[in-house]
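What follows is the content of run_34.txt, which has compact mmCIF, C-alpha atoms:
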```
# COMPACT_ATOMS: atom_id res chain seq x y z
CA MET A 1 130.28 18.19 137.81
CA ALA A 2 132.31 18.65 134.66
CA THR A 3 130.27 20.37 132.00
CA THR A 4 131.05 21.06 128.36
CA THR A 5 129.30 23.97 126.72
CA LYS A 6 128.91 24.63 123.03
CA ILE A 7 127.02 27.29 121.12
CA GLN A 8 125.56 26.34 117.74
CA PRO A 9 124.41 29.54 115.96
CA ARG A 10 121.79 27.87 113.74
CA ALA A 11 120.22 26.07 116.67
CA LEU A 12 120.32 29.31 118.64
CA VAL A 13 118.40 31.14 115.90
CA ARG A 14 115.82 28.35 115.73
CA ALA A 15 115.41 28.35 119.50
CA SER A 16 114.95 32.13 119.44
CA GLY A 17 111.94 31.92 117.12
CA GLY A 18 113.54 31.41 113.73
CA PRO A 19 115.32 33.68 111.21
CA ARG A 20 112.25 35.79 110.41
CA TYR A 21 111.60 36.51 114.05
CA ALA A 22 115.28 37.32 114.61
CA VAL A 23 115.06 39.91 111.82
CA ALA A 24 111.93 41.34 113.46
CA LEU A 25 113.82 41.73 116.74
CA ALA A 26 116.74 43.43 115.01
CA VAL A 27 114.51 45.88 113.13
CA ASP A 28 112.50 46.66 116.26
CA ALA A 29 115.66 47.23 118.29
CA LEU A 30 117.16 49.47 115.63
CA GLY A 31 114.03 51.61 115.57
CA THR A 32 113.95 51.78 119.35
CA GLY A 33 117.55 52.99 119.40
CA LEU A 34 116.70 55.78 116.97
CA LEU A 35 114.13 57.41 119.24
CA ARG A 36 113.97 56.01 122.77
CA PRO A 37 117.23 57.55 124.08
CA PHE A 38 116.25 60.91 122.57
CA LEU A 39 112.54 61.07 123.45
CA LEU A 40 113.22 63.66 126.15
CA LEU A 41 115.20 65.72 123.63
CA TYR A 42 112.29 65.45 121.18
CA GLY A 43 109.94 66.95 123.73
CA LEU A 44 112.37 69.75 124.54
CA THR A 45 113.46 70.73 121.02
CA VAL A 46 110.66 69.76 118.65
CA LEU A 47 107.61 70.32 120.87
CA ARG A 48 109.27 73.08 122.93
CA LEU A 49 108.07 71.67 126.24
CA GLY A 50 109.64 72.46 129.57
CA ALA A 51 112.05 69.95 131.06
CA PRO A 52 109.90 69.17 134.15
CA ALA A 53 106.75 68.67 132.08
CA THR A 54 108.58 66.46 129.58
CA GLY A 55 110.12 64.32 132.29
CA ILE A 56 106.83 63.92 134.18
CA ALA A 57 105.00 62.96 130.97
CA MET A 58 107.61 60.31 130.15
CA THR A 59 107.54 58.90 133.68
CA LEU A 60 103.75 58.76 133.81
CA GLY A 61 103.66 57.10 130.39
CA ALA A 62 106.04 54.38 131.52
CA VAL A 63 104.28 53.82 134.86
CA VAL A 64 100.72 53.84 133.46
CA GLY A 65 101.91 51.47 130.74
CA LEU A 66 102.47 48.89 133.49
CA ALA A 67 98.69 48.65 133.89
CA CYS A 68 98.48 46.68 130.64
CA LEU A 69 100.54 43.77 131.99
CA PRO A 70 97.75 41.75 133.68
CA ALA A 71 95.81 41.78 130.39
CA VAL A 72 98.94 40.82 128.48
CA GLY A 73 99.52 37.91 130.85
CA ARG A 74 95.98 36.59 130.39
CA TRP A 75 96.25 37.00 126.62
CA LEU A 76 99.45 34.97 126.58
CA ASP A 77 97.86 32.25 128.70
CA ARG A 78 95.30 31.73 125.97
CA GLY A 79 98.18 30.44 123.87
CA THR A 80 98.79 33.57 121.82
CA ARG A 81 102.45 34.24 121.15
CA SER A 82 103.57 36.03 117.95
CA THR A 83 100.37 38.09 117.84
CA VAL A 84 101.09 39.56 121.28
CA VAL A 85 104.65 40.39 120.24
CA ALA A 86 103.35 42.07 117.07
CA ALA A 87 100.74 43.99 119.08
CA SER A 88 103.43 45.33 121.43
CA MET A 89 105.20 46.69 118.38
CA LEU A 90 102.06 48.07 116.71
CA VAL A 91 101.01 50.04 119.78
CA ARG A 92 104.35 51.81 119.62
CA VAL A 93 103.58 52.73 116.00
CA LEU A 94 100.49 54.49 117.34
CA GLY A 95 102.68 56.28 119.87
CA VAL A 96 105.01 57.52 117.14
CA VAL A 97 102.04 58.72 115.05
CA VAL A 98 100.71 60.74 117.99
CA LEU A 99 104.18 62.12 118.61
CA LEU A 100 104.53 63.28 115.02
CA ALA A 101 101.03 64.79 115.03
CA ALA A 102 101.55 66.70 118.28
CA PRO A 103 101.94 70.47 117.74
CA ALA A 104 104.43 72.48 119.73
CA GLY A 105 103.46 73.12 123.33
CA HIS A 106 100.93 70.28 123.67
CA VAL A 107 102.23 68.32 126.61
CA TRP A 108 99.14 66.10 126.82
CA LEU A 109 99.66 64.75 123.31
CA PHE A 110 103.30 64.11 124.17
CA GLY A 111 102.13 62.30 127.29
CA THR A 112 99.69 60.24 125.21
CA ALA A 113 102.51 59.26 122.86
CA ALA A 114 104.68 58.32 125.83
CA PHE A 115 101.78 56.24 127.17
CA PHE A 116 101.45 54.18 123.97
CA LEU A 117 105.22 53.79 123.75
CA GLY A 118 105.21 52.73 127.40
CA ILE A 119 102.57 50.06 126.79
CA GLY A 120 104.66 48.57 124.00
CA ASN A 121 107.90 48.75 125.97
CA GLN A 122 106.30 47.06 129.01
CA ALA A 123 104.41 44.38 127.08
CA TRP A 124 107.22 43.30 124.76
CA PRO A 125 109.57 41.57 127.25
CA ALA A 126 106.85 39.26 128.62
CA ALA A 127 105.53 38.46 125.15
CA HIS A 128 109.00 37.76 123.79
CA ALA A 129 109.92 35.52 126.72
CA ALA A 130 106.68 33.55 126.32
CA LEU A 131 107.35 33.07 122.61
CA VAL A 132 110.88 31.81 123.20
CA ALA A 133 109.66 29.53 126.01
CA THR A 134 107.20 27.98 123.55
CA VAL A 135 109.88 27.28 120.95
CA ALA A 136 112.76 26.20 123.21
CA HIS A 137 113.07 24.34 126.48
CA GLY A 138 115.57 23.83 129.27
CA ARG A 139 118.99 25.40 128.94
CA GLU A 140 118.41 25.95 125.22
CA ARG A 141 115.67 28.38 126.21
CA ASP A 142 118.03 30.23 128.56
CA ALA A 143 120.58 30.71 125.79
CA ALA A 144 117.87 31.84 123.37
CA LEU A 145 116.63 34.47 125.84
CA ALA A 146 120.22 35.65 126.28
CA ALA A 147 120.70 35.83 122.52
CA GLY A 148 117.58 37.97 122.20
CA ARG A 149 118.93 40.41 124.77
CA ALA A 150 122.30 40.59 123.03
CA LEU A 151 120.64 41.20 119.66
CA ARG A 152 118.39 43.87 121.12
CA ASN A 153 121.29 45.71 122.74
CA ALA A 154 123.24 45.57 119.49
CA GLY A 155 120.30 46.96 117.51
CA MET A 156 119.57 49.70 120.01
CA GLY A 157 123.24 50.66 120.15
CA ALA A 158 123.44 50.89 116.37
CA GLY A 159 120.25 52.93 116.25
CA ALA A 160 121.49 55.32 118.93
CA LEU A 161 124.78 55.85 117.10
CA LEU A 162 122.93 56.56 113.86
CA ALA A 163 120.58 58.96 115.60
CA THR A 164 123.49 60.76 117.27
CA ALA A 165 125.06 61.34 113.87
CA CYS A 166 121.78 62.79 112.57
CA LEU A 167 121.02 65.11 115.48
CA ALA A 168 122.99 67.94 113.89
CA GLY A 169 120.04 68.33 111.50
CA GLY A 170 117.95 69.89 114.26
CA THR A 171 114.20 69.47 114.67
CA THR A 172 113.70 68.24 111.11
CA ALA A 173 116.16 65.43 111.71
CA MET A 174 114.44 64.54 114.99
CA GLN A 175 111.07 64.29 113.25
CA ALA A 176 112.60 62.19 110.48
CA LEU A 177 114.12 59.84 113.05
CA ALA A 178 110.71 59.46 114.71
CA ALA A 179 109.11 58.66 111.35
CA VAL A 180 111.76 56.04 110.58
CA THR A 181 111.19 54.58 114.05
CA GLY A 182 107.49 54.20 113.30
CA LEU A 183 108.25 52.44 110.02
CA ALA A 184 110.70 50.15 111.78
CA TYR A 185 108.09 49.22 114.40
CA LEU A 186 105.52 48.58 111.66
CA SER A 187 107.90 46.37 109.68
CA ALA A 188 108.95 44.46 112.79
CA ALA A 189 105.32 43.89 113.77
CA ALA A 190 104.53 42.47 110.33
CA LEU A 191 107.52 40.13 110.49
CA ALA A 192 106.69 38.99 114.03
CA TRP A 193 103.03 38.37 113.18
CA SER A 194 104.00 36.36 110.09
CA VAL A 195 105.69 33.77 112.33
CA HIS A 196 102.16 32.61 113.34
CA LEU A 197 103.25 30.96 116.57
CA HIS A 198 100.50 29.82 118.91
CA ALA A 199 100.72 27.54 121.93
CA HIS A 200 97.63 25.32 121.83
CA PRO A 201 96.28 24.14 125.19
CA ALA A 202 96.89 20.49 124.31
CA ALA A 203 100.51 21.21 123.43
CA MET A 204 100.94 23.26 126.61
CA SER A 205 99.76 20.31 128.70
CA ALA A 206 102.06 17.97 126.81
CA THR A 207 105.17 19.85 127.91
CA GLY A 208 105.30 17.78 131.04
CA ARG A 209 104.47 20.52 133.54
CA ALA A 210 101.80 19.97 136.11
CA GLU A 211 98.98 22.46 135.86
CA GLY A 212 98.37 24.80 138.75
CA PRO A 213 98.25 28.44 139.79
CA ALA A 214 101.01 30.85 138.86
CA PRO A 215 103.81 30.64 141.45
CA ARG A 216 103.81 33.56 143.86
CA MET A 217 107.57 34.13 143.76
CA ARG A 218 107.21 36.89 146.33
CA ALA A 219 110.87 37.06 147.32
CA LEU A 220 111.99 36.82 143.70
CA LEU A 221 109.68 39.61 142.55
CA ALA A 222 110.63 41.87 145.46
CA ALA A 223 114.33 41.19 144.90
CA ASN A 224 113.96 41.90 141.19
CA VAL A 225 112.82 45.46 141.93
CA VAL A 226 116.23 46.02 143.55
CA TYR A 227 118.26 43.95 141.09
CA VAL A 228 116.96 45.94 138.13
CA PHE A 229 118.61 49.08 139.48
CA CYS A 230 121.79 47.75 137.86
CA LEU A 231 120.32 48.55 134.43
CA ASN A 232 120.33 52.26 135.27
CA ILE A 233 123.79 52.39 136.83
CA THR A 234 125.65 53.22 133.61
CA GLU A 235 122.94 55.58 132.33
CA ILE A 236 122.10 57.52 135.50
CA ALA A 237 124.23 56.77 138.56
CA LEU A 238 127.70 56.84 137.02
CA PRO A 239 127.22 59.99 134.88
CA LEU A 240 125.81 61.73 137.95
CA VAL A 241 128.72 60.67 140.16
CA LEU A 242 131.40 61.34 137.57
CA VAL A 243 130.16 64.86 136.80
CA THR A 244 128.97 66.11 140.18
CA GLN A 245 131.33 64.33 142.60
CA LEU A 246 134.49 63.69 140.59
CA ASP A 247 134.27 66.66 138.20
CA ALA A 248 135.22 64.29 135.36
CA SER A 249 134.76 64.84 131.65
CA PRO A 250 131.49 63.55 130.11
CA VAL A 251 133.72 61.43 127.87
CA TRP A 252 134.13 59.00 130.75
CA SER A 253 130.36 58.47 130.95
CA ALA A 254 130.13 57.92 127.21
CA ALA A 255 133.02 55.46 127.23
CA ILE A 256 131.48 53.48 130.09
CA PHE A 257 128.12 53.33 128.29
CA VAL A 258 129.73 52.09 125.07
CA ALA A 259 131.79 49.50 126.97
CA ASN A 260 128.66 48.28 128.73
CA THR A 261 126.85 47.83 125.42
CA VAL A 262 129.77 46.00 123.81
CA LEU A 263 130.19 43.68 126.79
CA VAL A 264 126.49 42.80 126.87
CA VAL A 265 126.41 42.10 123.13
CA THR A 266 129.52 39.93 123.15
CA LEU A 267 129.27 38.18 126.52
CA GLN A 268 125.55 37.72 127.26
CA VAL A 269 125.23 34.37 125.50
CA PRO A 270 128.65 32.90 126.45
CA VAL A 271 128.24 33.84 130.12
CA THR A 272 124.69 32.46 130.22
CA VAL A 273 125.88 29.21 128.65
CA LEU A 274 128.81 29.04 131.07
CA MET A 275 126.49 29.52 134.05
CA SER A 276 124.20 26.72 132.82
CA ARG A 277 126.16 24.22 134.89
CA PHE A 278 124.70 25.76 138.05
CA PRO A 279 121.09 26.01 139.30
CA ARG A 280 119.36 29.13 138.03
CA ARG A 281 118.44 30.34 141.51
CA THR A 282 122.07 29.99 142.61
CA VAL A 283 123.21 31.96 139.57
CA LEU A 284 120.70 34.73 140.26
CA ALA A 285 121.89 34.95 143.87
CA LEU A 286 125.48 35.07 142.59
CA ALA A 287 124.52 38.00 140.36
CA GLY A 288 123.40 39.87 143.46
CA VAL A 289 126.70 39.19 145.18
CA VAL A 290 128.65 40.41 142.13
CA LEU A 291 126.52 43.56 141.90
CA THR A 292 126.95 44.18 145.65
CA ALA A 293 130.74 43.89 145.28
CA SER A 294 130.69 46.30 142.34
CA TYR A 295 128.69 48.89 144.31
CA LEU A 296 131.25 48.67 147.10
CA GLY A 297 133.91 49.01 144.40
CA PHE A 298 132.28 52.23 143.21
CA LEU A 299 132.31 53.49 146.80
CA ALA A 300 136.05 52.82 147.02
CA ALA A 301 136.70 54.29 143.57
CA THR A 302 134.94 57.58 144.31
CA SER A 303 137.02 57.98 147.46
CA LEU A 304 140.14 58.29 145.26
CA GLY A 305 139.18 61.80 144.24
CA HIS A 306 139.56 63.67 140.96
CA GLY A 307 142.81 62.11 139.78
CA TRP A 308 142.25 58.36 139.85
CA GLY A 309 138.54 58.37 140.63
CA ALA A 310 137.21 58.37 137.06
CA PRO A 311 139.52 55.59 135.75
CA ALA A 312 138.74 53.51 138.83
CA VAL A 313 135.00 53.96 138.32
CA ALA A 314 135.40 52.89 134.69
CA ALA A 315 137.29 49.77 135.76
CA VAL A 316 134.67 48.81 138.35
CA SER A 317 131.91 49.38 135.78
CA VAL A 318 133.18 46.34 133.86
CA PHE A 319 132.65 44.21 136.96
CA CYS A 320 129.18 45.74 137.40
CA THR A 321 128.32 44.86 133.79
CA ILE A 322 129.32 41.24 134.43
CA GLY A 323 126.86 41.21 137.33
CA GLU A 324 124.19 42.70 135.05
CA ILE A 325 124.86 39.99 132.43
CA ILE A 326 124.59 37.20 135.02
CA TYR A 327 121.36 38.72 136.35
CA ALA A 328 119.79 39.14 132.92
CA GLY A 329 120.71 35.62 131.87
CA SER A 330 119.15 33.96 134.91
CA ALA A 331 116.18 36.02 136.12
CA THR A 332 113.69 35.57 133.27
CA ALA A 333 114.96 32.04 132.71
CA LEU A 334 114.16 31.19 136.33
CA VAL A 335 110.61 32.53 135.99
CA THR A 336 109.97 30.51 132.83
CA ALA A 337 111.29 27.41 134.60
CA LEU A 338 109.14 27.92 137.71
CA ALA A 339 105.81 28.72 136.05
CA PRO A 340 103.49 25.95 134.83
CA ALA A 341 102.88 26.33 131.09
CA PRO A 342 99.16 27.24 131.34
CA VAL A 343 99.98 30.27 133.54
CA LEU A 344 103.34 31.21 132.05
CA GLY A 345 101.99 34.47 130.65
CA ARG A 346 100.71 35.69 134.01
CA ALA A 347 103.97 34.75 135.72
CA LEU A 348 106.01 36.63 133.13
CA ALA A 349 103.66 39.62 133.35
CA ARG A 350 104.11 39.77 137.14
CA PHE A 351 107.86 39.57 136.71
CA GLN A 352 107.81 42.36 134.12
CA LEU A 353 105.67 44.42 136.50
CA SER A 354 108.42 44.19 139.11
CA THR A 355 111.02 45.05 136.46
CA GLY A 356 109.06 48.07 135.25
CA LEU A 357 108.51 49.25 138.81
CA GLY A 358 112.24 49.02 139.56
CA LEU A 359 113.14 50.89 136.37
CA ALA A 360 110.55 53.57 137.17
CA VAL A 361 111.67 54.28 140.73
CA SER A 362 115.42 53.78 140.33
CA PRO A 363 116.17 57.21 138.78
CA ALA A 364 114.36 58.97 141.62
CA VAL A 365 116.07 56.84 144.27
CA ILE A 366 119.53 57.26 142.74
CA THR A 367 119.20 61.03 142.32
CA ALA A 368 117.81 61.36 145.86
CA LEU A 369 120.67 59.41 147.45
CA ALA A 370 123.55 60.87 145.42
CA PRO A 371 123.54 64.38 147.03
CA HIS A 372 124.08 62.75 150.44
CA GLY A 373 127.44 61.35 149.37
CA SER A 374 128.95 58.17 147.96
CA ALA A 375 128.37 56.19 151.14
CA ALA A 376 124.65 56.91 151.07
CA LEU A 377 124.32 55.96 147.40
CA TRP A 378 126.58 52.96 147.02
CA GLY A 379 126.21 51.72 150.58
CA SER A 380 122.42 51.68 150.30
CA LEU A 381 122.48 49.94 146.93
CA ALA A 382 124.97 47.36 148.19
CA ALA A 383 122.95 46.58 151.32
CA ALA A 384 119.65 46.33 149.45
CA THR A 385 121.14 44.14 146.72
CA LEU A 386 122.85 41.79 149.16
CA LEU A 387 119.59 41.44 151.10
CA SER A 388 117.79 40.69 147.82
CA ALA A 389 120.36 38.07 146.86
CA SER A 390 119.86 36.40 150.22
CA ALA A 391 116.08 36.38 149.72
CA VAL A 392 116.45 34.82 146.28
CA ALA A 393 118.79 32.12 147.58
CA THR A 394 116.56 31.12 150.48
CA GLU A 395 113.14 31.24 148.81
CA LYS A 396 111.56 27.82 148.27
CA ASP A 397 110.01 26.91 144.93
CA GLN A 398 106.55 26.17 146.29
CA GLY A 399 104.33 24.31 143.88
CA ALA A 400 106.82 24.46 141.02
CA ALA A 401 106.25 21.77 138.45
CA GLN A 402 109.22 20.09 136.81
CA ARG A 403 109.55 19.74 133.07
CA LEU A 404 110.67 16.35 131.88
CA VAL A 405 113.57 16.86 129.49
CA PRO A 406 115.24 13.76 128.07
CA PRO A 407 119.04 13.79 128.31
CA GLY A 408 120.84 15.22 125.32
CA THR A 409 117.89 17.21 123.92
CA CYS A 410 119.60 20.58 124.27
CA ARG A 411 121.07 21.60 120.94
CA ILE A 412 122.75 24.79 122.07
CA VAL A 413 124.30 23.67 125.31
CA SER A 414 125.80 20.22 125.30
CA SER A 415 126.21 19.51 128.97
CA ALA A 416 125.99 16.88 131.65
CA ILE A 417 122.92 18.04 133.55
CA PRO A 418 121.40 15.75 136.16
CA ALA A 419 117.81 14.62 135.72
CA GLY A 420 115.27 17.18 136.97
CA ASP A 421 117.77 20.05 136.83
CA ASP A 422 115.70 21.98 134.32
CA LEU A 423 113.86 23.73 137.12
CA GLU A 424 116.68 24.21 139.58
```
Turn this file's structure into structure tokens for me.
Amino acid sequence: MATTTKIQPRALVRASGGPRYAVALAVDALGTGLLRPFLLLYGLTVLRLGAPATGIAMTLGAVVGLACLPAVGRWLDRGTRSTVVAASMLVRVLGVVVLLAAPAGHVWLFGTAAFFLGIGNQAWPAAHAALVATVAHGRERDAALAAGRALRNAGMGAGALLATACLAGGTTAMQALAAVTGLAYLSAAALAWSVHLHAHPAAMSATGRAEGPAPRMRALLAANVVYVFCLNITEIALPLVLVTQLDASPVWSAAIFVANTVLVVTLQVPVTVLMSRFPRRTVLALAGVVLTASYLGFLAATSLGHGWGAPAVAAVSVFCTIGEIIYAGSATALVTALAPAPVLGRALARFQLSTGLGLAVSPAVITALAPHGSAALWGSLAAATLLSASAVATEKDQGAAQRLVPPGTCRIVSSAIPAGDDLE
């Protein structure tokens, strides 16, 4: 069916929570970029911890932080929106305070800081998605979620660049960056809380969804654990392959990371809008196919050896980023479309649990497979991702309730969408 897409920036901002909330997201992302990529370095240089102890503390903090998600889901299902977002930011302020107060050599305080930061990092995506789902509906919601991801990547990229420029100042500069991060989180929390968005039970019932239990989405959640590996390809898998297997300069890894960030910032919304002409589940399955093809492309690229291997890997990474963009633009949107409004928070929390689990185990899996050769790494990822895409495509939406959206109500995407296609 012929579909015309159009992005209206003002409508996009409104659908994303409004200008004040957009500023809160930007400030939060900027602060996150200042510290999050360099938290390991903070433990090594400022607190003088050993590398194994620092890494274990960070991993445990992220994994234990997942335990907060069931409570976050129930809190969201009470109708709370902006308060949960603000709380996810405030708990990270506490983490920064503990980090700054930790004396050298105290790994447990560093682990406590990582725990509070992990809680905030795990709770924020579900809370943000629930807030956007309350403000926007249908394909407008999808574009708003995509815009939030693009804005967050832009803010984190800017923060990381600023932090990189300041790292020459040594430990004092690292502590100053952490302090600025805490202030950024505090400011963002105040802005987010001031939005005062709450989904009242009556309004939630009036959305047109039938009430019922949260959808199980077993295949989707299991597949998401594998899909989310793509988020660590440019940060972990490619640097490891380029340095250890292709003996390439670290410049290649940096260039690929920058290109990935730029592509996500510039293409996340347009690609999501473009894909709105297709069912969300079909788009998510397509993302798996694209990612599978890119993993096979990496396998072929690494076989070229030292001469052409690095440029070929860089070229394939663009294709992998497109798969990542398609995945990110459809996965959360599909969950928000499947879940009845009264249990949206629990559905998003379960989805974030699968995301957090995938992000937690992917570094260990990637680093365990890489020493066994390119075929073991990329072949395994390709097979697992293709199997996941197949599971997503064939899963039935049991008990999913459709939202009734009158034609022409989408302000961001002007498209010919058949009746009932909001769920897809």
Contacts of Ala383 of chain A within 12 Å, only C-alpha atoms, excl. fewer than 5 positions in-chain, as a list of chain:residue names = A:Val226, A:Tyr227, A:Gly288, A:Val289, A:Leu291, A:Thr292, A:Ala293, A:Ser294, A:Tyr295, A:Leu296, A:Ala375, A:Ala376, A:Leu377, A:Trp378, A:Ser388, A:Ala389, A:Ser390
What does the distance from atom CA of Val269 of chain A to atom CA of Ala133 of chain A come to in Å, to one decimal?
->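 Between these atoms lies a distance of 16.3 Å.
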How many Å separate atom CA of Thr244 of chain A from atom CA of Ala368 of chain A?
->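 Atom-to-atom, atom CA of Thr244 of chain A to atom CA of Ala368 of chain A, that is 13.4 Å.
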Which polymer residues have any atom within 9 Å of an atom of Thr83 of chain A, counting all atoms listed in the file, with same-chain residues fewer than 4 positions away left out, as a PyMOL selection string?
-> chain A and resi 87-88+127+189+192-198
All residues 8 Å or closer to Ala178 of chain A, all atoms listed in the file, same chain fewer than 6 positions away omitted, as a PyMOL selection string = chain A and resi 34-35+96+100
Suppose you want the space between atom CA of Leu183 of chain A and atom CA of Thr59 of chain A; what is it in Å?
-> 24.5 Å
All residues 10 Å or closer to Leu304 of chain A, only C-alpha atoms, same chain fewer than 6 positions away omitted, as an NGL selection string = :A and (246 or 310-313)
Extract, using all atoms listed in the file, all DNA, RNA and protein residues at most 9 Å from Pro70 of chain A, discarding same-chain residues fewer than 5 positions from it, and format them as an MDAnalysis selection string.
-> chainID A and resid 75 345:346 349:350 353
Dump as a compact mmCIF listing (two decimals), in the coordinates of the input, selection limited to C-alpha atoms:
```
# COMPACT_ATOMS: atom_id res chain seq x y z
CA TRP A 75 96.25 37.00 126.62
CA GLY A 345 101.99 34.47 130.65
CA ARG A 346 100.71 35.69 134.01
CA ALA A 349 103.66 39.62 133.35
CA ARG A 350 104.11 39.77 137.14
CA LEU A 353 105.67 44.42 136.50
```
Go through segment 221-285 of chain A and flag each residue having an atom no more than 7 Å from segment 149-158 of chain A; for those, report the closest pair of atoms plus their distance in Å to one decimal, using all atoms listed in the file, ordered by chain and rising number, as JSON lines.
```
{"residue": "A:Thr261", "atom": "CA", "partner": "A:Asn153", "partner_atom": "CA", "distance": 6.5}
{"residue": "A:Val264", "atom": "CA", "partner": "A:Ala150", "partner_atom": "CA", "distance": 6.1}
{"residue": "A:Val265", "atom": "CA", "partner": "A:Ala150", "partner_atom": "CA", "distance": 4.4}
{"residue": "A:Gln268", "atom": "CA", "partner": "A:Ala150", "partner_atom": "CA", "distance": 6.1}
```
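The residue that comes closest to Thr272 of chain A, out of A:His128, A:Arg141, A:Arg14, A:Arg20 and on the basis of only C-alpha atoms, is A:Arg141.
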For Thr171 of chain A, which residue among A:Leu41, A:Leu90, A:Ala255, A:Ile366 is the nearest when counting only C-alpha atoms?
->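 The closest residue to Thr171 of chain A is A:Leu41.
Considering all atoms listed in the file, the residue among A:Ser82, A:Ser249, A:Ser330, A:Thr45 positioned nearest to Leu274 of chain A is A:Ser330.
Take the candidates A:Ala126, A:Ala285, A:Val228, A:Ala101 and check each one against Asp77 of chain A using only C-alpha atoms; the shortest distance goes to A:Ala126.
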Out of A:Leu231, A:Val135, A:Val316, A:Val335, which residue has the shortest atom-to-atom distance to Met217 of chain A when counting all atoms listed in the file?
->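 Smallest distance to Met217 of chain A is found for A:Val335.
Minimum distance to Leu381 of chain A across A:Tyr21, A:Phe298, A:Phe351, A:Phe110 (counting only C-alpha atoms) occurs at A:Phe298.
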